[in-house]
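Pasting query36.cif here (mmCIF, C-alpha atoms):
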data_target
loop_
_atom_site.label_atom_id
_atom_site.label_comp_id
_atom_site.auth_asym_id
_atom_site.auth_seq_id
_atom_site.Cartn_x
_atom_site.Cartn_y
_atom_site.Cartn_z
CA MET E 265 200.62 108.90 70.84
CA ARG E 266 201.27 105.58 69.20
CA GLY E 267 204.13 105.42 66.70
CA THR E 268 205.06 103.23 63.75
CA ALA E 269 208.38 103.72 61.98
CA CYS E 270 210.60 106.64 61.08
CA TRP E 271 210.41 108.60 57.83
CA PRO E 272 212.66 106.81 55.34
CA GLY E 273 213.84 109.76 53.28
CA ASP E 274 212.57 111.91 50.49
CA VAL E 275 211.72 109.11 48.02
CA TRP E 276 210.78 105.45 48.15
CA GLY E 277 212.97 102.68 46.79
CA ASP E 278 211.40 102.88 43.33
CA GLY E 279 212.52 106.50 42.99
CA MET E 280 208.96 107.86 43.25
CA ALA E 281 208.18 110.59 45.75
CA GLU E 282 205.50 109.61 48.22
CA GLN E 283 202.09 111.19 47.69
CA VAL E 284 200.57 112.44 50.94
CA GLY E 285 197.15 113.96 51.50
CA ILE E 286 196.55 116.20 54.49
CA ILE E 287 192.99 116.91 55.58
CA GLY E 288 192.68 120.28 57.30
CA GLY E 289 194.07 123.73 56.61
CA GLY E 290 194.69 124.94 60.15
CA ILE E 291 198.16 125.68 61.45
CA VAL E 292 198.89 122.04 62.37
CA GLY E 293 197.91 120.67 58.97
CA ILE E 294 199.86 123.35 57.10
CA ALA E 295 202.90 122.94 59.37
CA LEU E 296 202.88 119.22 58.60
CA ALA E 297 202.52 119.92 54.86
CA ARG E 298 205.59 122.16 55.05
CA GLU E 299 207.55 119.51 56.97
CA LEU E 300 206.76 116.81 54.42
CA THR E 301 207.31 118.88 51.29
CA ALA E 302 210.72 119.81 52.68
CA ALA E 303 211.43 116.06 52.91
CA GLY E 304 210.52 115.58 49.24
CA ALA E 305 206.99 114.23 49.50
CA GLU E 306 204.28 115.31 47.07
CA VAL E 307 201.73 116.89 49.39
CA THR E 308 198.14 117.97 48.76
CA VAL E 309 196.20 119.79 51.48
CA LEU E 310 192.41 119.45 51.37
CA GLU E 311 190.56 122.26 53.17
CA LYS E 312 186.80 122.58 53.08
CA GLU E 313 186.68 126.34 53.75
CA SER E 314 187.40 129.26 51.42
CA ARG E 315 190.58 130.20 53.31
CA LEU E 316 193.12 128.69 55.66
CA ALA E 317 193.00 129.04 59.46
CA GLN E 318 189.24 129.59 59.38
CA HIS E 319 188.39 127.87 62.66
CA GLN E 320 190.50 127.20 65.77
CA THR E 321 193.70 128.69 64.32
CA GLY E 322 192.01 131.96 63.40
CA HIS E 323 189.75 132.22 66.46
CA ASN E 324 192.13 132.27 69.40
CA SER E 325 193.96 134.82 71.51
CA GLY E 326 197.29 134.41 69.70
CA VAL E 327 199.17 133.35 72.82
CA VAL E 328 202.48 131.48 72.44
CA HIS E 329 202.38 129.36 75.58
CA ALA E 330 205.51 128.90 77.68
CA GLY E 331 204.42 125.60 79.27
CA LEU E 332 203.11 126.63 82.71
CA TYR E 333 200.16 124.29 82.99
CA TYR E 334 201.04 120.96 81.41
CA ALA E 335 201.88 117.75 83.23
CA PRO E 336 205.68 117.31 83.12
CA GLY E 337 206.64 114.63 80.62
CA SER E 338 203.35 114.86 78.71
CA MET E 339 203.23 115.39 74.96
CA LYS E 340 201.83 118.85 75.60
CA ALA E 341 204.76 119.83 77.79
CA THR E 342 207.42 118.39 75.48
CA LEU E 343 206.04 119.67 72.18
CA CYS E 344 205.09 123.06 73.58
CA ALA E 345 208.70 123.69 74.63
CA GLU E 346 210.07 122.59 71.26
CA GLY E 347 207.35 124.30 69.26
CA ARG E 348 207.77 127.62 71.04
CA GLY E 349 211.40 127.85 69.95
CA LEU E 350 210.65 126.81 66.38
CA LEU E 351 207.79 129.31 66.15
CA ARG E 352 209.94 132.17 67.44
CA GLU E 353 212.63 131.36 64.85
CA PHE E 354 210.08 131.14 62.04
CA CYS E 355 208.56 134.51 62.93
CA ALA E 356 212.01 136.12 63.07
CA ASP E 357 212.94 134.63 59.70
CA ARG E 358 209.72 135.86 58.05
CA SER E 359 209.53 139.23 59.83
CA LEU E 360 206.22 138.23 61.43
CA PRO E 361 205.27 139.87 64.74
CA TYR E 362 206.31 137.97 67.87
CA ARG E 363 205.91 139.94 71.11
CA ALA E 364 207.00 138.61 74.50
CA VAL E 365 204.50 140.61 76.57
CA GLY E 366 204.65 138.29 79.60
CA LYS E 367 202.00 136.45 81.61
CA LEU E 368 201.07 136.91 85.29
CA VAL E 369 199.08 134.01 86.83
CA VAL E 370 197.45 135.60 89.88
CA ALA E 371 196.12 134.12 93.11
CA VAL E 372 193.44 136.59 94.19
CA ASP E 373 193.24 135.20 97.73
CA ALA E 374 194.92 132.69 100.03
CA ALA E 375 192.54 129.88 99.03
CA GLU E 376 194.20 129.80 95.59
CA LEU E 377 197.77 129.52 96.87
CA PRO E 378 197.98 125.68 96.81
CA ALA E 379 196.87 125.62 93.16
CA LEU E 380 199.33 128.40 92.36
CA ALA E 381 202.09 126.33 93.95
CA GLU E 382 201.20 123.46 91.63
CA ILE E 383 201.42 125.78 88.62
CA GLU E 384 204.86 126.88 89.81
CA ARG E 385 205.96 123.25 90.28
CA ARG E 386 204.86 122.30 86.78
CA SER E 387 206.41 125.41 85.28
CA ARG E 388 209.80 124.70 86.81
CA ALA E 389 209.63 121.02 85.82
CA ASN E 390 208.88 122.17 82.26
CA ALA E 391 211.81 124.63 82.30
CA VAL E 392 209.63 127.66 81.62
CA PRO E 393 212.20 130.37 80.86
CA ASP E 394 212.81 133.17 83.37
CA LEU E 395 209.90 132.14 85.62
CA THR E 396 209.61 134.01 88.94
CA ARG E 397 207.35 133.62 91.98
CA ILE E 398 205.98 136.87 93.45
CA ASP E 399 204.54 136.93 96.97
CA ASP E 400 204.43 140.69 97.52
CA PRO E 401 201.35 142.55 96.18
CA GLY E 402 203.57 145.58 95.66
CA ARG E 403 205.82 143.61 93.34
CA LEU E 404 202.77 142.32 91.49
CA ARG E 405 201.90 145.89 90.65
CA GLU E 406 205.40 146.50 89.33
CA VAL E 407 204.57 143.95 86.63
CA GLU E 408 200.89 144.88 86.19
CA PRO E 409 200.13 148.20 87.90
CA HIS E 410 196.36 147.68 88.12
CA VAL E 411 196.22 144.04 89.24
CA ALA E 412 194.89 142.78 92.59
CA GLY E 413 196.14 139.61 94.24
CA VAL E 414 198.20 138.09 97.02
CA ALA E 415 200.74 136.15 94.92
CA ALA E 416 201.54 135.17 91.35
CA VAL E 417 203.93 133.41 89.03
CA HIS E 418 205.35 135.55 86.26
CA SER E 419 206.38 134.18 82.85
CA PRO E 420 208.00 137.12 81.03
CA GLN E 421 208.68 135.08 77.87
CA THR E 422 205.04 134.21 77.18
CA ALA E 423 204.34 135.88 73.84
CA VAL E 424 201.63 136.75 71.34
CA VAL E 425 201.56 136.28 67.56
CA ASP E 426 199.16 136.28 64.61
CA TYR E 427 198.53 132.58 63.98
CA ALA E 428 196.51 133.16 60.81
CA ALA E 429 199.42 135.13 59.28
CA ILE E 430 201.84 132.39 60.34
CA THR E 431 199.65 129.76 58.67
CA GLU E 432 199.62 131.71 55.42
CA ALA E 433 203.42 132.06 55.54
CA LEU E 434 203.79 128.32 56.10
CA ALA E 435 201.46 127.69 53.15
CA GLN E 436 203.68 129.86 50.95
CA ASP E 437 206.55 127.46 51.73
CA VAL E 438 204.35 124.49 50.85
CA ARG E 439 203.44 125.96 47.47
CA ALA E 440 207.02 127.03 46.77
CA ALA E 441 208.16 123.43 47.34
CA GLY E 442 205.59 122.10 44.87
CA GLY E 443 202.80 121.23 47.29
CA ARG E 444 199.16 121.93 46.55
CA VAL E 445 196.68 123.66 48.88
CA LEU E 446 193.11 123.08 47.71
CA LEU E 447 190.36 125.23 49.22
CA HIS E 448 186.61 124.57 48.94
CA THR E 449 187.49 120.84 49.09
CA GLU E 450 185.39 119.05 51.69
CA VAL E 451 186.18 115.38 52.34
CA THR E 452 183.14 113.10 52.23
CA GLY E 453 184.70 109.64 52.09
CA ILE E 454 187.95 107.74 52.64
CA ARG E 455 188.69 104.23 51.34
CA ILE E 456 191.84 102.17 51.77
CA GLU E 457 192.49 100.29 48.52
CA ARG E 458 195.44 97.86 48.30
CA GLY E 459 197.51 99.85 50.74
CA ARG E 460 196.75 103.24 49.20
CA VAL E 461 194.09 105.75 50.23
CA ARG E 462 191.32 107.12 48.05
CA VAL E 463 189.92 110.37 49.44
CA ILE E 464 186.56 111.44 48.03
CA THR E 465 185.61 115.11 48.11
CA ARG E 466 182.69 117.13 46.84
CA THR E 467 184.79 118.15 43.84
CA GLY E 468 186.43 114.83 42.95
CA ALA E 469 188.65 112.02 44.24
CA HIS E 470 192.37 111.86 45.09
CA LEU E 471 194.62 108.81 45.49
CA PHE E 472 197.47 108.98 48.02
CA ASP E 473 200.10 106.69 49.49
CA ARG E 474 199.06 107.91 52.89
CA VAL E 475 196.79 110.48 54.51
CA VAL E 476 197.06 112.56 57.66
CA ALA E 477 193.92 114.17 59.12
CA ALA E 478 194.39 117.30 61.20
CA ALA E 479 190.74 118.25 61.02
CA GLY E 480 190.18 119.85 64.42
CA LEU E 481 186.45 120.19 65.03
CA GLN E 482 185.76 117.47 62.46
CA SER E 483 188.48 115.05 63.58
CA ASP E 484 186.17 112.40 65.03
CA LEU E 485 184.02 112.44 61.89
CA ILE E 486 187.10 111.90 59.73
CA ALA E 487 188.20 109.10 62.08
CA ARG E 488 184.82 107.47 61.58
CA LEU E 489 185.31 107.51 57.80
CA VAL E 490 188.38 105.26 58.15
CA GLY E 491 186.82 102.92 60.71
CA ALA E 492 188.67 104.20 63.78
CA ASP E 493 187.21 103.88 67.28
CA PRO E 494 184.35 106.39 67.78
CA ALA E 495 186.06 107.50 70.98
CA PRO E 496 187.18 110.08 71.65
CA ARG E 497 184.35 112.21 70.34
CA ILE E 498 184.63 115.96 69.83
CA LEU E 499 182.59 118.11 72.19
CA PRO E 500 182.70 121.71 70.89
CA PHE E 501 183.15 124.43 73.53
CA ARG E 502 182.55 128.05 72.59
CA GLY E 503 184.68 130.76 74.15
CA GLU E 504 183.47 134.36 73.90
CA TYR E 505 185.69 137.45 74.16
CA TRP E 506 185.03 141.06 75.13
CA MET E 507 187.32 143.90 74.06
CA LEU E 508 188.54 146.65 76.33
CA LYS E 509 187.68 150.03 74.85
CA PRO E 510 190.78 151.73 73.42
CA SER E 511 190.98 154.40 76.12
CA ARG E 512 191.25 151.69 78.82
CA THR E 513 193.77 149.27 77.30
CA GLY E 514 196.37 150.81 79.63
CA LEU E 515 194.87 148.70 82.42
CA VAL E 516 196.80 145.71 81.06
CA ARG E 517 200.47 145.59 80.06
CA GLY E 518 200.68 141.95 79.00
CA MET E 519 198.55 139.04 80.20
CA ILE E 520 196.70 138.55 83.50
CA TYR E 521 195.45 135.01 84.09
CA PRO E 522 193.58 133.36 86.96
CA VAL E 523 194.80 130.26 88.75
CA PRO E 524 192.99 127.56 86.74
CA ASP E 525 190.54 125.12 88.25
CA PRO E 526 192.37 121.75 88.11
CA ARG E 527 189.06 119.92 87.60
CA PHE E 528 188.45 121.54 84.22
CA PRO E 529 190.71 121.84 81.12
CA PHE E 530 190.04 125.55 80.63
CA LEU E 531 191.93 128.53 82.02
CA GLY E 532 189.09 130.86 83.00
CA VAL E 533 188.45 134.47 82.00
CA HIS E 534 191.70 136.39 81.57
CA PHE E 535 193.17 139.54 80.01
CA THR E 536 195.46 139.40 76.97
CA ARG E 537 197.19 142.22 75.11
CA GLY E 538 197.23 141.02 71.53
CA VAL E 539 200.00 141.28 68.99
CA TYR E 540 198.34 144.41 67.50
CA ASP E 541 197.84 146.04 70.95
CA ASP E 542 194.15 145.36 71.38
CA VAL E 543 193.22 143.92 74.80
CA HIS E 544 190.59 141.23 75.01
CA VAL E 545 188.94 139.70 78.04
CA GLY E 546 188.00 136.05 78.05
CA PRO E 547 187.20 133.50 76.97
CA ASN E 548 184.51 131.74 78.92
CA ALA E 549 183.81 128.07 78.12
CA LEU E 550 180.35 126.77 77.32
CA PRO E 551 179.17 123.85 75.20
CA ALA E 552 178.46 125.01 71.66
CA LEU E 553 175.32 123.89 69.88
CA ALA E 554 177.25 123.15 66.68
CA ARG E 555 180.81 122.13 65.85
CA GLU E 556 181.27 125.50 64.21
CA GLY E 557 178.80 127.32 66.46
CA TYR E 558 180.32 130.75 67.06
CA ARG E 559 176.98 132.31 68.09
CA TRP E 560 174.01 131.15 70.16
CA ARG E 561 171.91 131.01 67.00
CA ASP E 562 174.36 128.61 65.32
CA VAL E 563 172.61 125.33 66.01
CA SER E 564 173.17 121.89 64.53
CA LEU E 565 170.61 119.36 65.68
CA ALA E 566 172.89 116.53 64.54
CA ASP E 567 175.87 117.83 66.53
CA THR E 568 173.79 118.56 69.64
CA TRP E 569 171.98 115.24 69.54
CA GLY E 570 175.26 113.42 68.98
CA SER E 571 176.70 114.99 72.12
CA LEU E 572 173.61 114.32 74.25
CA ARG E 573 173.45 110.63 73.31
CA TRP E 574 177.19 110.02 73.80
CA PRO E 575 177.72 107.50 76.66
CA GLY E 576 179.81 109.99 78.63
CA ALA E 577 177.21 112.76 78.59
CA PRO E 578 175.45 111.91 81.90
CA ALA E 579 178.73 111.61 83.79
CA LEU E 580 180.04 114.89 82.36
CA ALA E 581 176.80 116.67 83.27
CA ARG E 582 176.86 115.36 86.85
CA ARG E 583 180.49 116.37 87.28
CA HIS E 584 180.35 119.87 85.82
CA TRP E 585 176.74 121.09 85.79
CA ARG E 586 177.40 123.93 88.25
CA MET E 587 180.26 125.23 86.14
CA GLY E 588 178.09 124.88 83.05
CA VAL E 589 175.32 126.97 84.58
CA ASP E 590 177.87 129.59 85.66
CA GLU E 591 179.45 129.82 82.20
CA ILE E 592 176.11 130.03 80.38
CA SER E 593 174.91 132.71 82.81
CA GLY E 594 178.05 134.75 82.17
CA SER E 595 177.46 134.49 78.43
CA LEU E 596 173.91 135.76 78.68
CA VAL E 597 174.39 138.40 81.40
CA LYS E 598 177.24 140.87 80.90
CA ALA E 599 177.29 141.83 84.59
CA LEU E 600 178.21 138.26 85.58
CA TYR E 601 181.03 138.10 83.03
CA PHE E 602 182.23 141.51 84.23
CA ARG E 603 182.25 140.33 87.85
CA LYS E 604 184.70 137.53 87.00
CA ALA E 605 187.04 139.93 85.22
CA ARG E 606 186.89 142.64 87.89
CA ARG E 607 188.34 140.30 90.53
CA PHE E 608 191.74 140.89 88.94
CA ILE E 609 191.44 144.59 88.08
CA PRO E 610 189.29 146.43 90.64
CA GLU E 611 189.45 149.64 88.58
CA LEU E 612 187.61 147.93 85.72
CA ALA E 613 184.19 149.44 84.98
CA MET E 614 181.32 147.74 83.21
CA GLY E 615 181.59 150.20 80.34
CA ASP E 616 185.24 149.25 79.79
CA LEU E 617 184.02 146.02 78.18
CA ALA E 618 183.21 147.80 74.97
CA ARG E 619 181.93 145.00 72.77
CA LYS E 620 182.08 141.30 72.19
CA SER E 621 184.95 140.69 69.80
CA GLY E 622 183.77 137.33 68.55
CA ALA E 623 184.23 133.80 69.73
CA GLY E 624 186.22 130.67 69.13
CA VAL E 625 185.19 127.03 69.31
CA ARG E 626 187.55 124.54 70.90
CA ALA E 627 187.56 120.93 69.69
CA GLN E 628 187.58 119.22 73.07
CA ALA E 629 187.85 115.44 72.90
CA TRP E 630 185.97 113.37 75.47
CA GLY E 631 185.77 109.67 76.18
CA ARG E 632 182.94 107.22 76.77
CA ALA E 633 183.17 107.71 80.55
CA GLY E 634 182.69 111.47 80.25
CA ASP E 635 186.38 112.23 80.75
CA LEU E 636 187.79 115.26 78.93
CA LEU E 637 191.07 114.33 77.27
CA ASP E 638 193.94 116.60 78.24
CA ASP E 639 196.91 115.50 76.13
CA PHE E 640 197.44 115.27 72.38
CA ALA E 641 196.20 112.00 70.87
CA VAL E 642 196.81 110.27 67.52
CA ASP E 643 195.28 107.16 65.95
CA GLN E 644 196.86 105.09 63.16
CA VAL E 645 194.62 103.09 60.81
CA GLY E 646 196.88 101.52 58.20
CA PRO E 647 198.18 104.33 55.97
CA VAL E 648 195.86 106.90 57.61
CA THR E 649 196.97 108.97 60.60
CA VAL E 650 194.29 110.88 62.52
CA LEU E 651 195.13 113.61 65.01
CA ARG E 652 192.28 112.99 67.45
CA ASN E 653 192.92 115.65 70.10
CA ALA E 654 194.94 118.81 69.58
CA PRO E 655 193.78 121.42 72.11
CA SER E 656 195.84 124.36 73.30
CA PRO E 657 198.85 124.59 73.03
CA ALA E 658 198.53 122.98 69.59
CA ALA E 659 199.11 126.28 67.76
CA THR E 660 202.23 126.98 69.84
CA SER E 661 203.37 123.39 69.23
CA ALA E 662 202.40 123.12 65.55
CA LEU E 663 205.92 122.94 64.07
CA ALA E 664 206.97 120.43 66.73
CA ILE E 665 203.81 118.35 66.21
CA ALA E 666 204.67 118.22 62.52
CA ARG E 667 208.15 116.91 63.31
CA TYR E 668 206.71 114.36 65.74
CA LEU E 669 204.19 113.02 63.24
CA ARG E 670 206.84 112.74 60.55
CA ALA E 671 209.19 110.84 62.85
CA HIS E 672 206.73 108.52 64.60
CA HIS E 673 203.61 108.09 62.45
CA LEU E 674 204.77 108.27 58.83
CA GLY E 675 206.75 105.11 58.19
CA SER E 676 207.59 103.32 54.97
CA PRO E 677 204.98 101.15 53.21
CA ALA E 678 206.71 97.98 54.41
CA ALA E 679 206.28 99.08 58.01
CA ARG E 680 202.51 99.48 57.85
#

Can you dump the structure from the file as structure tokens?
Amino acid sequence: MRGTACWPGDVWGDGMAEQVGIIGGGIVGIALARELTAAGAEVTVLEKESRLAQHQTGHNSGVVHAGLYYAPGSMKATLCAEGRGLLREFCADRSLPYRAVGKLVVAVDAAELPALAEIERRSRANAVPDLTRIDDPGRLREVEPHVAGVAAVHSPQTAVVDYAAITEALAQDVRAAGGRVLLHTEVTGIRIERGRVRVITRTGAHLFDRVVAAAGLQSDLIARLVGADPAPRILPFRGEYWMLKPSRTGLVRGMIYPVPDPRFPFLGVHFTRGVYDDVHVGPNALPALAREGYRWRDVSLADTWGSLRWPGAPALARRHWRMGVDEISGSLVKALYFRKARRFIPELAMGDLARKSGAGVRAQAWGRAGDLLDDFAVDQVGPVTVLRNAPSPAATSALAIARYLRAHHLGSPAAR
């Protein structure tokens, strides 16, 4: 992330509060709005949907990540650790549910032990709290009685929350501090005029001293409106979930995760007990046919064609076509999806996957060479800041990301 100058205070030298527009009503955008209104800025959030947290924030498993996977020293690792603590405090203060159900990352066989060792190394470098390594299958079953595997790392402090409810609580703080949250307000144009920013929407225009875009699935399109580099582009990946039927949720106490494939930025099919005690299985990861394509029938020719003609598309296809075929097959054939899940819980029966519980779409950024970006990324174009890549653990890290953006990307007018 490239920085400019530090936030100068709650007002500028002329005594006028700074006017800031934030594009995007997910948890990151609303967390930033709360951070800036607390500093005295006049903040307006522009959200195109009819409610907040409509996309990535409201379509995930609710996991509060402890930092097991991220490269030590990366923005992900640093902001996840800070954000986890801030999120726990916020939930306690607002009486919002926060349940430390624990996560078990399981090596099913000896071939996965080297990758598990790397997860353990990263976890310890990232100071994951209370982490333990388990090499005895009997001890594995003390944590998760129905699991199968030869070894695991256990993160008992990994938690689950309701991110949509958290976003609404954050928005209440924004409104209470005088900020505005405008729904049904889709941004169609951005112009920089004499150091200020005119944002054009379908319902009118707004003039701000500066603008921050936290637009998730639309982030590259917003970047294009301000003349930023087309790369990275957003490649939407859909992840589908199945629910365990209520009589079988006892198969899972907390979370059971596979050892992830280091070649791919997704974690694989796993089991998660949610904050309201439902247990879902998934997600898979397959390219979506629209930025907001939650079903196979959700197709955008413009989005699909844009992905296919991106310079990195051939390289990405050559690198990951086998995985792509596997993921698509699992989406279309329940038995194949079930087979992946049953590796971890041999007692699982096909009928235990009661129904598909919906899907989420991840805004995965990718470069011209077909590389999938792993860390958070921010671009600065004059008075406009664009969050270009905010994959998981962005929800966990949202309050810390807000602090980071305020400190490093929202400087005084003289510093632009």

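The space between CA of Val328 (chain E) and CA of Asp638 (chain E) spans 18.1 Å.
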
If we count all atoms listed in the file, what is near Leu553 (chain E) at a cut-off of 9 Å, once residues fewer than 3 positions away on the same chain are taken out, given as a VMD selection string? chain E and resid 500 to 502 556 to 565 567 to 568

Which residues would end up in the selection if the PyMOL selection byres ((chain E and resi 613) around 12) were applied here, given that I need the answer as JSON, numbers by chain? {"E": [508, 509, 512, 515, 598, 599, 601, 602, 603, 605, 606, 607, 609, 610, 611, 612, 614, 615, 616, 617, 618]}

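Pairwise distance (CA of Arg632 (chain E), CA of Gln320 (chain E)) equals 24.0 Å.
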
Atomic distance CA of Tyr668 (chain E) - CA of Gly453 (chain E), expressed in Å with one decimal: 26.3 Å

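Of the residues under consideration (E:Thr321, E:Asp525, E:Leu377, E:Asp542), E:Asp525 shows the shortest atom-to-atom contact distance to Met587 (chain E) when counting only C-alpha atoms.
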
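Using only C-alpha atoms, the shortest contact distance between Tyr362 (chain E) and any of E:Pro522, E:Pro409, E:Gly349, E:Pro510 is found at E:Gly349.
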
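Every protein, DNA or RNA residue with an atom at most 12 Å from Val438 (chain E), where only C-alpha atoms count and chain neighbours fewer than 6 positions away do not, is listed here: Ile286, Gly289, Gly293, Ile294, Ala295, Leu296, Ala297, Arg298, Glu299, Leu300, Thr301, Ala302, Ala303, Gly304, Ala305, Glu306, Val307, Thr308, Val309, Thr431, Glu432, Arg444, Val445 and Leu446 of chain E.
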
Apply the PyMOL selection byres ((chain E and resi 488) around 12) to the structure shown and report the selected residues as a PyMOL selection string. chain E and resi 452-455+477+482-487+489-498+643+645+648+650+652

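With all atoms listed in the file as the atoms that count, the residue of E:Gly631, E:Gly459, E:Pro393, E:Gly468 with the shortest distance to Leu332 (chain E) is E:Pro393.
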
Would you kindly translate the PyMOL selection byres ((chain E and resi 398-408) around 9) into the concrete residues it picks from this file, as a count of residues only? 20

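For Asn548 (chain E), the non-local neighbours within 7 Å, defined as residues at least 2 positions apart in the same chain or in other chains and counting all atoms listed in the file, are Gly503, Glu504, Gly532, Val533, Gly546, Leu550 and Glu591 of chain E.
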
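Among the candidate residues E:Gly366, E:Arg667, E:Asp541, E:Val476, the one lying nearest to Val461 (chain E) is E:Val476, with distances computed using all atoms listed in the file.
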
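The environment of region 353-357 of chain E within 10 Å, counting all atoms listed in the file and disregarding residues fewer than 6 places along the same chain, consists of Gly347, Val425, Asp426, Ala429, Ile430, Ala433, Leu434 and Leu663 of chain E.
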
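Nearest residue to Val292 (chain E) among E:Val539, E:Ala659, E:Ile456, E:Ala629 is E:Ala659, counting all atoms listed in the file.
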
Given the point (174.0, 111.2, 76.5) in the coordinates of this file, which residues lie within 12 Å, counting only C-alpha atoms, and how would they look as JSON, numbers by chain? {"E": [499, 568, 569, 570, 571, 572, 573, 574, 575, 576, 577, 578, 579, 580, 581, 582, 631, 632, 633, 634]}

For Val543 (chain E), the closest of E:Val365, E:Leu596, E:Leu636, E:Leu669 counting all atoms listed in the file is E:Val365
